[in-house]
Amino acid sequence: MTIRNNTAFTKECMEGAMRVCETGNSKYKTFKLIYKLFGIIFAMMMVRELVMKLTGNAQADTFMILLFGVVAVVFLYIGIIGMDKSNRRKFHNIYGKMIGVKFSYEIDAENIIITDEENDSDTFSWNDVVRWDQDQDNIYLFVGDDNCLVVSKKGFMQGSAENLIQLADSVIDMRSQEQQ
């Protein structure tokens, strides 16, 4: 069975791919958590020094209060805002030129053929697909950590979203069984 789909790539597609990539990328989440954790640790050290200073302890140092505070702010900024901004910029650089382009997908059990409006065509094997995910509007087929094929659930001309999900599940399950 061949599944056919037409998808107009929009800004929402790009943002959805970014969100799905972030939730499935354990390395990204780990680094984000580490930055937040170090930010909290340095904030606690700053509070400790501040309390010591306010209670009149002779070992308290104003420079250390400021140093711990600055380091805490930097780590928390990177963990809460900075990594997301960087990721958003990276996705905009990758997918920004694709906004407004209409893609036609022809998907079978062996290959995924993508054709754009100018009849440029790319073919991906299911072996290239690392994982897949979905949201309310789209199905995302990842052919790398950040490279993603976005298939609209509303654009199916032949087959359905459920057929594509079943195909993706079965292909990835077969591959994981072969590796074991």
# chains A, B, ... in the order shown; residues from 1 in each chain; ligands from 1
call {"tool": "residues_around", "arguments": {"residues": "Tyr140 (chain A)", "least_positions_apart": "2", "cutoff": "12 Å", "atoms": "only C-alpha atoms", "output": "tab-separated table (two decimals) with all heavy atoms, in the first residue's frame"}}
result
chain	number	residue	atom	x	y	z
A	7	THR	N	1.57	18.24	1.99
A	7	THR	CA	1.74	19.05	3.20
A	7	THR	C	2.31	20.40	2.81
A	7	THR	O	3.34	20.47	2.15
A	7	THR	CB	2.70	18.35	4.19
A	7	THR	OG1	2.14	17.10	4.57
A	7	THR	CG2	2.94	19.19	5.42
A	13	CYS	N	4.44	24.16	11.58
A	13	CYS	CA	5.13	22.89	11.35
A	13	CYS	C	6.54	22.94	11.92
A	13	CYS	O	7.00	22.00	12.57
A	13	CYS	CB	5.20	22.55	9.87
A	13	CYS	SG	3.64	22.18	9.09
A	14	MET	N	7.24	24.06	11.67
A	14	MET	CA	8.60	24.22	12.17
A	14	MET	C	8.62	24.23	13.70
A	14	MET	O	9.44	23.57	14.32
A	14	MET	CB	9.21	25.51	11.63
A	14	MET	CG	10.62	25.77	12.10
A	14	MET	SD	11.35	27.26	11.41
A	14	MET	CE	10.34	28.53	12.13
A	15	GLU	N	7.70	24.97	14.31
A	15	GLU	CA	7.66	25.04	15.77
A	15	GLU	C	7.27	23.70	16.37
A	15	GLU	O	7.79	23.31	17.41
A	15	GLU	CB	6.70	26.14	16.21
A	15	GLU	CG	7.22	27.52	15.89
A	15	GLU	CD	6.20	28.62	16.10
A	15	GLU	OE1	5.04	28.32	16.48
A	15	GLU	OE2	6.55	29.79	15.90
A	16	GLY	N	6.37	22.98	15.72
A	16	GLY	CA	6.00	21.65	16.20
A	16	GLY	C	7.16	20.68	16.12
A	16	GLY	O	7.41	19.90	17.05
A	17	ALA	N	7.92	20.74	15.04
A	17	ALA	CA	9.09	19.87	14.90
A	17	ALA	C	10.12	20.20	15.97
A	17	ALA	O	10.74	19.30	16.54
A	17	ALA	CB	9.71	20.03	13.51
A	18	MET	N	10.28	21.48	16.29
A	18	MET	CA	11.23	21.88	17.32
A	18	MET	C	10.79	21.36	18.68
A	18	MET	O	11.60	20.80	19.43
A	18	MET	CB	11.34	23.40	17.36
A	18	MET	CG	12.36	23.90	18.37
A	18	MET	SD	12.41	25.69	18.47
A	18	MET	CE	10.81	26.04	19.13
A	19	ARG	N	9.51	21.49	19.00
A	19	ARG	CA	9.01	21.00	20.30
A	19	ARG	C	9.18	19.49	20.42
A	19	ARG	O	9.62	18.98	21.44
A	19	ARG	CB	7.54	21.36	20.47
A	19	ARG	CG	7.29	22.73	21.01
A	19	ARG	CD	5.84	22.91	21.41
A	19	ARG	NE	4.89	22.54	20.40
A	19	ARG	CZ	4.49	23.31	19.39
A	19	ARG	NH1	4.97	24.52	19.28
A	19	ARG	NH2	3.61	22.89	18.51
A	20	VAL	N	8.82	18.78	19.37
A	20	VAL	CA	8.93	17.32	19.40
A	20	VAL	C	10.39	16.89	19.49
A	20	VAL	O	10.72	15.94	20.20
A	20	VAL	CB	8.23	16.71	18.16
A	20	VAL	CG1	8.52	15.24	18.03
A	20	VAL	CG2	6.73	16.95	18.24
A	21	CYS	N	11.27	17.60	18.80
A	21	CYS	CA	12.70	17.28	18.86
A	21	CYS	C	13.24	17.49	20.26
A	21	CYS	O	14.01	16.68	20.77
A	21	CYS	CB	13.47	18.13	17.86
A	21	CYS	SG	15.23	17.78	17.84
A	24	GLY	N	12.14	14.69	22.69
A	24	GLY	CA	12.71	13.37	22.43
A	24	GLY	C	14.23	13.33	22.49
A	24	GLY	O	14.83	12.27	22.38
A	129	VAL	N	15.09	6.59	9.05
A	129	VAL	CA	14.20	7.15	10.06
A	129	VAL	C	14.63	6.66	11.44
A	129	VAL	O	14.63	5.47	11.71
A	129	VAL	CB	12.73	6.77	9.77
A	129	VAL	CG1	11.81	7.28	10.87
A	129	VAL	CG2	12.29	7.30	8.42
A	130	VAL	N	15.02	7.60	12.28
A	130	VAL	CA	15.50	7.28	13.62
A	130	VAL	C	14.33	7.05	14.57
A	130	VAL	O	14.32	6.11	15.35
A	130	VAL	CB	16.40	8.42	14.15
A	130	VAL	CG1	16.88	8.15	15.56
A	130	VAL	CG2	17.55	8.68	13.23
A	131	ARG	N	13.35	7.93	14.49
A	131	ARG	CA	12.16	7.83	15.34
A	131	ARG	C	11.06	8.65	14.71
A	131	ARG	O	11.28	9.40	13.76
A	131	ARG	CB	12.46	8.29	16.77
A	131	ARG	CG	12.75	9.77	16.90
A	131	ARG	CD	13.10	10.14	18.35
A	131	ARG	NE	13.41	11.55	18.45
A	131	ARG	CZ	12.52	12.50	18.72
A	131	ARG	NH1	11.26	12.19	18.92
A	131	ARG	NH2	12.89	13.77	18.79
A	132	TRP	N	9.88	8.51	15.27
A	132	TRP	CA	8.76	9.32	14.81
A	132	TRP	C	7.99	9.80	16.02
A	132	TRP	O	8.09	9.24	17.11
A	132	TRP	CB	7.86	8.53	13.85
A	132	TRP	CG	7.03	7.49	14.54
A	132	TRP	CD1	7.38	6.20	14.79
A	132	TRP	CD2	5.72	7.65	15.06
A	132	TRP	NE1	6.38	5.55	15.46
A	132	TRP	CE2	5.35	6.43	15.63
A	132	TRP	CE3	4.84	8.71	15.11
A	132	TRP	CZ2	4.10	6.24	16.24
A	132	TRP	CZ3	3.61	8.53	15.72
A	132	TRP	CH2	3.26	7.29	16.27
A	133	ASP	N	7.21	10.86	15.82
A	133	ASP	CA	6.37	11.40	16.88
A	133	ASP	C	5.20	12.11	16.20
A	133	ASP	O	5.18	12.26	14.98
A	133	ASP	CB	7.16	12.36	17.76
A	133	ASP	CG	6.64	12.40	19.19
A	133	ASP	OD1	5.42	12.20	19.39
A	133	ASP	OD2	7.44	12.63	20.10
A	134	GLN	N	4.26	12.56	16.99
A	134	GLN	CA	3.11	13.24	16.42
A	134	GLN	C	2.57	14.26	17.41
A	134	GLN	O	2.85	14.20	18.61
A	134	GLN	CB	2.02	12.24	16.05
A	134	GLN	CG	1.39	11.53	17.23
A	134	GLN	CD	0.29	10.59	16.83
A	134	GLN	OE1	-0.43	10.86	15.88
A	134	GLN	NE2	0.14	9.50	17.56
A	135	ASP	N	1.81	15.20	16.90
A	135	ASP	CA	1.03	16.10	17.73
A	135	ASP	C	-0.37	16.13	17.13
A	135	ASP	O	-0.73	15.26	16.34
A	135	ASP	CB	1.68	17.48	17.86
A	135	ASP	CG	1.79	18.24	16.53
A	135	ASP	OD1	1.18	17.83	15.53
A	135	ASP	OD2	2.49	19.27	16.51
A	136	GLN	N	-1.14	17.11	17.47
A	136	GLN	CA	-2.52	17.17	17.03
A	136	GLN	C	-2.65	17.32	15.51
A	136	GLN	O	-3.56	16.75	14.90
A	136	GLN	CB	-3.21	18.34	17.71
A	136	GLN	CG	-4.67	18.50	17.38
A	136	GLN	CD	-5.30	19.64	18.17
A	136	GLN	OE1	-4.74	20.12	19.15
A	136	GLN	NE2	-6.44	20.09	17.73
A	137	ASP	N	-1.71	18.04	14.89
A	137	ASP	CA	-1.84	18.35	13.47
A	137	ASP	C	-0.91	17.59	12.54
A	137	ASP	O	-1.21	17.43	11.37
A	137	ASP	CB	-1.60	19.85	13.24
A	137	ASP	CG	-2.60	20.71	14.00
A	137	ASP	OD1	-3.79	20.33	14.03
A	137	ASP	OD2	-2.19	21.75	14.55
A	138	ASN	N	0.25	17.13	13.04
A	138	ASN	CA	1.28	16.59	12.17
A	138	ASN	C	1.89	15.31	12.72
A	138	ASN	O	1.82	15.04	13.92
A	138	ASN	CB	2.41	17.62	11.99
A	138	ASN	CG	1.92	18.91	11.37
A	138	ASN	OD1	1.25	18.91	10.35
A	138	ASN	ND2	2.26	20.02	11.99
A	142	PHE	N	11.74	11.60	12.01
A	142	PHE	CA	13.10	12.12	12.19
A	142	PHE	C	14.08	11.26	11.43
A	142	PHE	O	14.17	10.06	11.65
A	142	PHE	CB	13.47	12.18	13.67
A	142	PHE	CG	12.77	13.28	14.40
A	142	PHE	CD1	11.54	13.07	14.99
A	142	PHE	CD2	13.33	14.54	14.46
A	142	PHE	CE1	10.89	14.09	15.64
A	142	PHE	CE2	12.69	15.57	15.12
A	142	PHE	CZ	11.46	15.34	15.71
A	143	VAL	N	14.84	11.90	10.54
A	143	VAL	CA	15.88	11.21	9.78
A	143	VAL	C	17.25	11.67	10.27
A	143	VAL	O	18.21	11.72	9.53
A	143	VAL	CB	15.72	11.45	8.25
A	143	VAL	CG1	14.49	10.74	7.74
A	143	VAL	CG2	15.66	12.93	7.93
A	144	GLY	N	17.32	11.95	11.54
A	144	GLY	CA	18.52	12.41	12.23
A	144	GLY	C	18.06	13.09	13.51
A	144	GLY	O	16.86	13.11	13.81
A	145	ASP	N	19.01	13.64	14.26
A	145	ASP	CA	18.62	14.28	15.51
A	145	ASP	C	17.77	15.52	15.29
A	145	ASP	O	16.84	15.79	16.03
A	145	ASP	CB	19.87	14.65	16.32
A	145	ASP	CG	20.53	13.44	16.94
A	145	ASP	OD1	19.84	12.42	17.12
A	145	ASP	OD2	21.74	13.51	17.22
A	146	ASP	N	18.10	16.31	14.27
A	146	ASP	CA	17.38	17.56	14.03
A	146	ASP	C	16.66	17.60	12.69
A	146	ASP	O	15.88	18.50	12.45
A	146	ASP	CB	18.35	18.74	14.09
A	146	ASP	CG	19.00	18.87	15.45
A	146	ASP	OD1	18.33	18.56	16.45
A	146	ASP	OD2	20.18	19.27	15.52
A	147	ASN	N	16.93	16.66	11.81
A	147	ASN	CA	16.28	16.66	10.50
A	147	ASN	C	14.97	15.91	10.59
A	147	ASN	O	14.93	14.76	11.01
A	147	ASN	CB	17.20	16.02	9.46
A	147	ASN	CG	18.46	16.83	9.25
A	147	ASN	OD1	18.43	18.04	9.38
A	147	ASN	ND2	19.54	16.16	8.95
A	148	CYS	N	13.93	16.57	10.15
A	148	CYS	CA	12.60	16.05	10.37
A	148	CYS	C	11.74	16.22	9.12
A	148	CYS	O	11.79	17.25	8.45
A	148	CYS	CB	11.99	16.83	11.54
A	148	CYS	SG	10.35	16.33	11.98
A	149	LEU	N	10.98	15.20	8.81
A	149	LEU	CA	9.98	15.27	7.75
A	149	LEU	C	8.63	15.49	8.42
A	149	LEU	O	8.25	14.73	9.31
A	149	LEU	CB	9.95	13.97	6.94
A	149	LEU	CG	11.29	13.47	6.39
A	149	LEU	CD1	11.10	12.13	5.71
A	149	LEU	CD2	11.87	14.48	5.44
A	150	VAL	N	7.93	16.53	8.01
A	150	VAL	CA	6.65	16.87	8.63
A	150	VAL	C	5.53	16.47	7.67
A	150	VAL	O	5.47	16.95	6.54
A	150	VAL	CB	6.57	18.38	8.94
A	150	VAL	CG1	5.25	18.73	9.58
A	150	VAL	CG2	7.73	18.80	9.82
A	151	VAL	N	4.65	15.59	8.15
A	151	VAL	CA	3.53	15.11	7.35
A	151	VAL	C	2.24	15.57	8.02
A	151	VAL	O	1.96	15.21	9.16
A	151	VAL	CB	3.56	13.56	7.24
A	151	VAL	CG1	2.40	13.07	6.39
A	151	VAL	CG2	4.89	13.08	6.68
A	152	SER	N	1.47	16.37	7.31
A	152	SER	CA	0.22	16.89	7.86
A	152	SER	C	-0.84	15.79	7.94
A	152	SER	O	-1.01	15.02	7.00
A	152	SER	CB	-0.29	18.03	6.98
A	152	SER	OG	-1.58	18.43	7.39
A	153	LYS	N	-1.55	15.74	9.04
A	153	LYS	CA	-2.61	14.73	9.20
A	153	LYS	C	-3.82	15.05	8.33
A	153	LYS	O	-4.61	14.16	8.04
A	153	LYS	CB	-3.04	14.65	10.67
A	153	LYS	CG	-2.00	14.00	11.56
A	153	LYS	CD	-2.51	13.88	12.98
A	153	LYS	CE	-1.51	13.17	13.85
A	153	LYS	NZ	-1.99	13.06	15.26
A	161	ALA	N	-3.59	8.86	8.42
A	161	ALA	CA	-2.58	9.06	9.46
A	161	ALA	C	-2.36	7.78	10.24
A	161	ALA	O	-1.23	7.44	10.60
A	161	ALA	CB	-3.00	10.19	10.39
A	164	LEU	N	-0.02	5.47	8.36
A	164	LEU	CA	1.37	5.90	8.46
A	164	LEU	C	1.94	5.58	9.84
A	164	LEU	O	3.07	5.10	9.95
A	164	LEU	CB	1.49	7.40	8.18
A	164	LEU	CG	2.90	7.99	8.26
A	164	LEU	CD1	3.87	7.25	7.33
A	164	LEU	CD2	2.87	9.47	7.95
A	165	ILE	N	1.17	5.79	10.88
A	165	ILE	CA	1.62	5.49	12.24
A	165	ILE	C	1.87	3.99	12.39
A	165	ILE	O	2.89	3.58	12.95
A	165	ILE	CB	0.60	6.00	13.27
A	165	ILE	CG1	0.61	7.53	13.29
A	165	ILE	CG2	0.88	5.44	14.66
A	165	ILE	CD1	-0.53	8.16	14.06
A	168	ALA	N	5.09	3.16	10.45
A	168	ALA	CA	6.28	3.63	11.18
A	168	ALA	C	6.57	2.75	12.38
A	168	ALA	O	7.72	2.36	12.62
A	168	ALA	CB	6.09	5.08	11.61
call {"tool": "residues_around", "arguments": {"residues": "Lys102 (chain A)", "least_positions_apart": "3", "cutoff": "9 Å", "atoms": "only C-alpha atoms", "output": "ChimeraX atom specification"}}
result
/A:6-9,98-99,115-117
call {"tool": "write_last_selection", "arguments": {"atoms": "N, CA, C and O atoms", "output": "PDB file, in the first residue's frame"}}
result
ATOM      1  N   ASN A   6      -0.086  15.460   0.835  1.00  0.00           N
ATOM      2  CA  ASN A   6       0.386  16.794   0.465  1.00  0.00           C
ATOM      3  C   ASN A   6       0.419  17.636   1.726  1.00  0.00           C
ATOM      4  O   ASN A   6      -0.577  17.719   2.441  1.00  0.00           O
ATOM      5  N   THR A   7       1.568  18.238   1.993  1.00  0.00           N
ATOM      6  CA  THR A   7       1.739  19.045   3.198  1.00  0.00           C
ATOM      7  C   THR A   7       2.312  20.398   2.814  1.00  0.00           C
ATOM      8  O   THR A   7       3.338  20.471   2.146  1.00  0.00           O
ATOM      9  N   ALA A   8       1.637  21.444   3.244  1.00  0.00           N
ATOM     10  CA  ALA A   8       2.167  22.803   3.089  1.00  0.00           C
ATOM     11  C   ALA A   8       2.946  23.110   4.367  1.00  0.00           C
ATOM     12  O   ALA A   8       2.389  23.107   5.457  1.00  0.00           O
ATOM     13  N   PHE A   9       4.250  23.341   4.220  1.00  0.00           N
ATOM     14  CA  PHE A   9       5.104  23.575   5.382  1.00  0.00           C
ATOM     15  C   PHE A   9       4.864  24.989   5.888  1.00  0.00           C
ATOM     16  O   PHE A   9       5.042  25.964   5.163  1.00  0.00           O
ATOM     17  N   MET A  98      11.956  26.817   4.138  1.00  0.00           N
ATOM     18  CA  MET A  98      10.947  25.867   3.664  1.00  0.00           C
ATOM     19  C   MET A  98       9.520  26.328   3.948  1.00  0.00           C
ATOM     20  O   MET A  98       8.568  25.724   3.455  1.00  0.00           O
ATOM     21  N   ILE A  99       9.371  27.399   4.741  1.00  0.00           N
ATOM     22  CA  ILE A  99       8.030  27.878   5.071  1.00  0.00           C
ATOM     23  C   ILE A  99       7.332  28.338   3.809  1.00  0.00           C
ATOM     24  O   ILE A  99       7.863  29.104   3.017  1.00  0.00           O
ATOM     25  N   THR A 115       8.606  15.195  -2.787  1.00  0.00           N
ATOM     26  CA  THR A 115       8.732  16.054  -3.949  1.00  0.00           C
ATOM     27  C   THR A 115       8.189  17.425  -3.580  1.00  0.00           C
ATOM     28  O   THR A 115       7.109  17.528  -2.995  1.00  0.00           O
ATOM     29  N   ASP A 116       8.941  18.490  -3.924  1.00  0.00           N
ATOM     30  CA  ASP A 116       8.460  19.830  -3.624  1.00  0.00           C
ATOM     31  C   ASP A 116       7.775  20.432  -4.846  1.00  0.00           C
ATOM     32  O   ASP A 116       7.610  19.775  -5.879  1.00  0.00           O
ATOM     33  N   GLU A 117       7.403  21.700  -4.749  1.00  0.00           N
ATOM     34  CA  GLU A 117       6.679  22.380  -5.829  1.00  0.00           C
ATOM     35  C   GLU A 117       7.469  22.455  -7.121  1.00  0.00           C
ATOM     36  O   GLU A 117       6.902  22.508  -8.202  1.00  0.00           O
TER      37      GLU A 117
END
call {"tool": "residues_around", "arguments": {"residues": "Ile40 (chain A)", "least_positions_apart": "3", "cutoff": "9 Å", "atoms": "only C-alpha atoms", "output": "list of chain:residue names"}}
result
A:Tyr35, A:Lys36, A:Leu37, A:Ala43, A:Met44, A:Met45, A:Ala72, A:Phe75, A:Leu76
call {"tool": "select_by_dssp", "arguments": {"residues": "region 10-168 of chain A", "states": "strand (DSSP E)", "output": "number ranges by chain"}}
result
A: 102-107, 111-115, 121-125, 131-134, 138-142, 148-152, 156-158
call {"tool": "select_by_dssp", "arguments": {"residues": "region 12-180 of chain A", "states": "alpha helix (DSSP H)", "output": "VMD selection string"}}
result
chain A and resid 12 to 24 26 to 54 62 to 77 83 to 95 161 to 179
call {"tool": "residues_around", "arguments": {"residues": "Gly79 (chain A)", "least_positions_apart": "5", "cutoff": "9 Å", "atoms": "only C-alpha atoms", "output": "list in words"}}
result
Phe31, Lys32, Leu33, Ile34, Tyr35, Lys36, Leu37, Gly39, Val74 and Asp84 of chain A
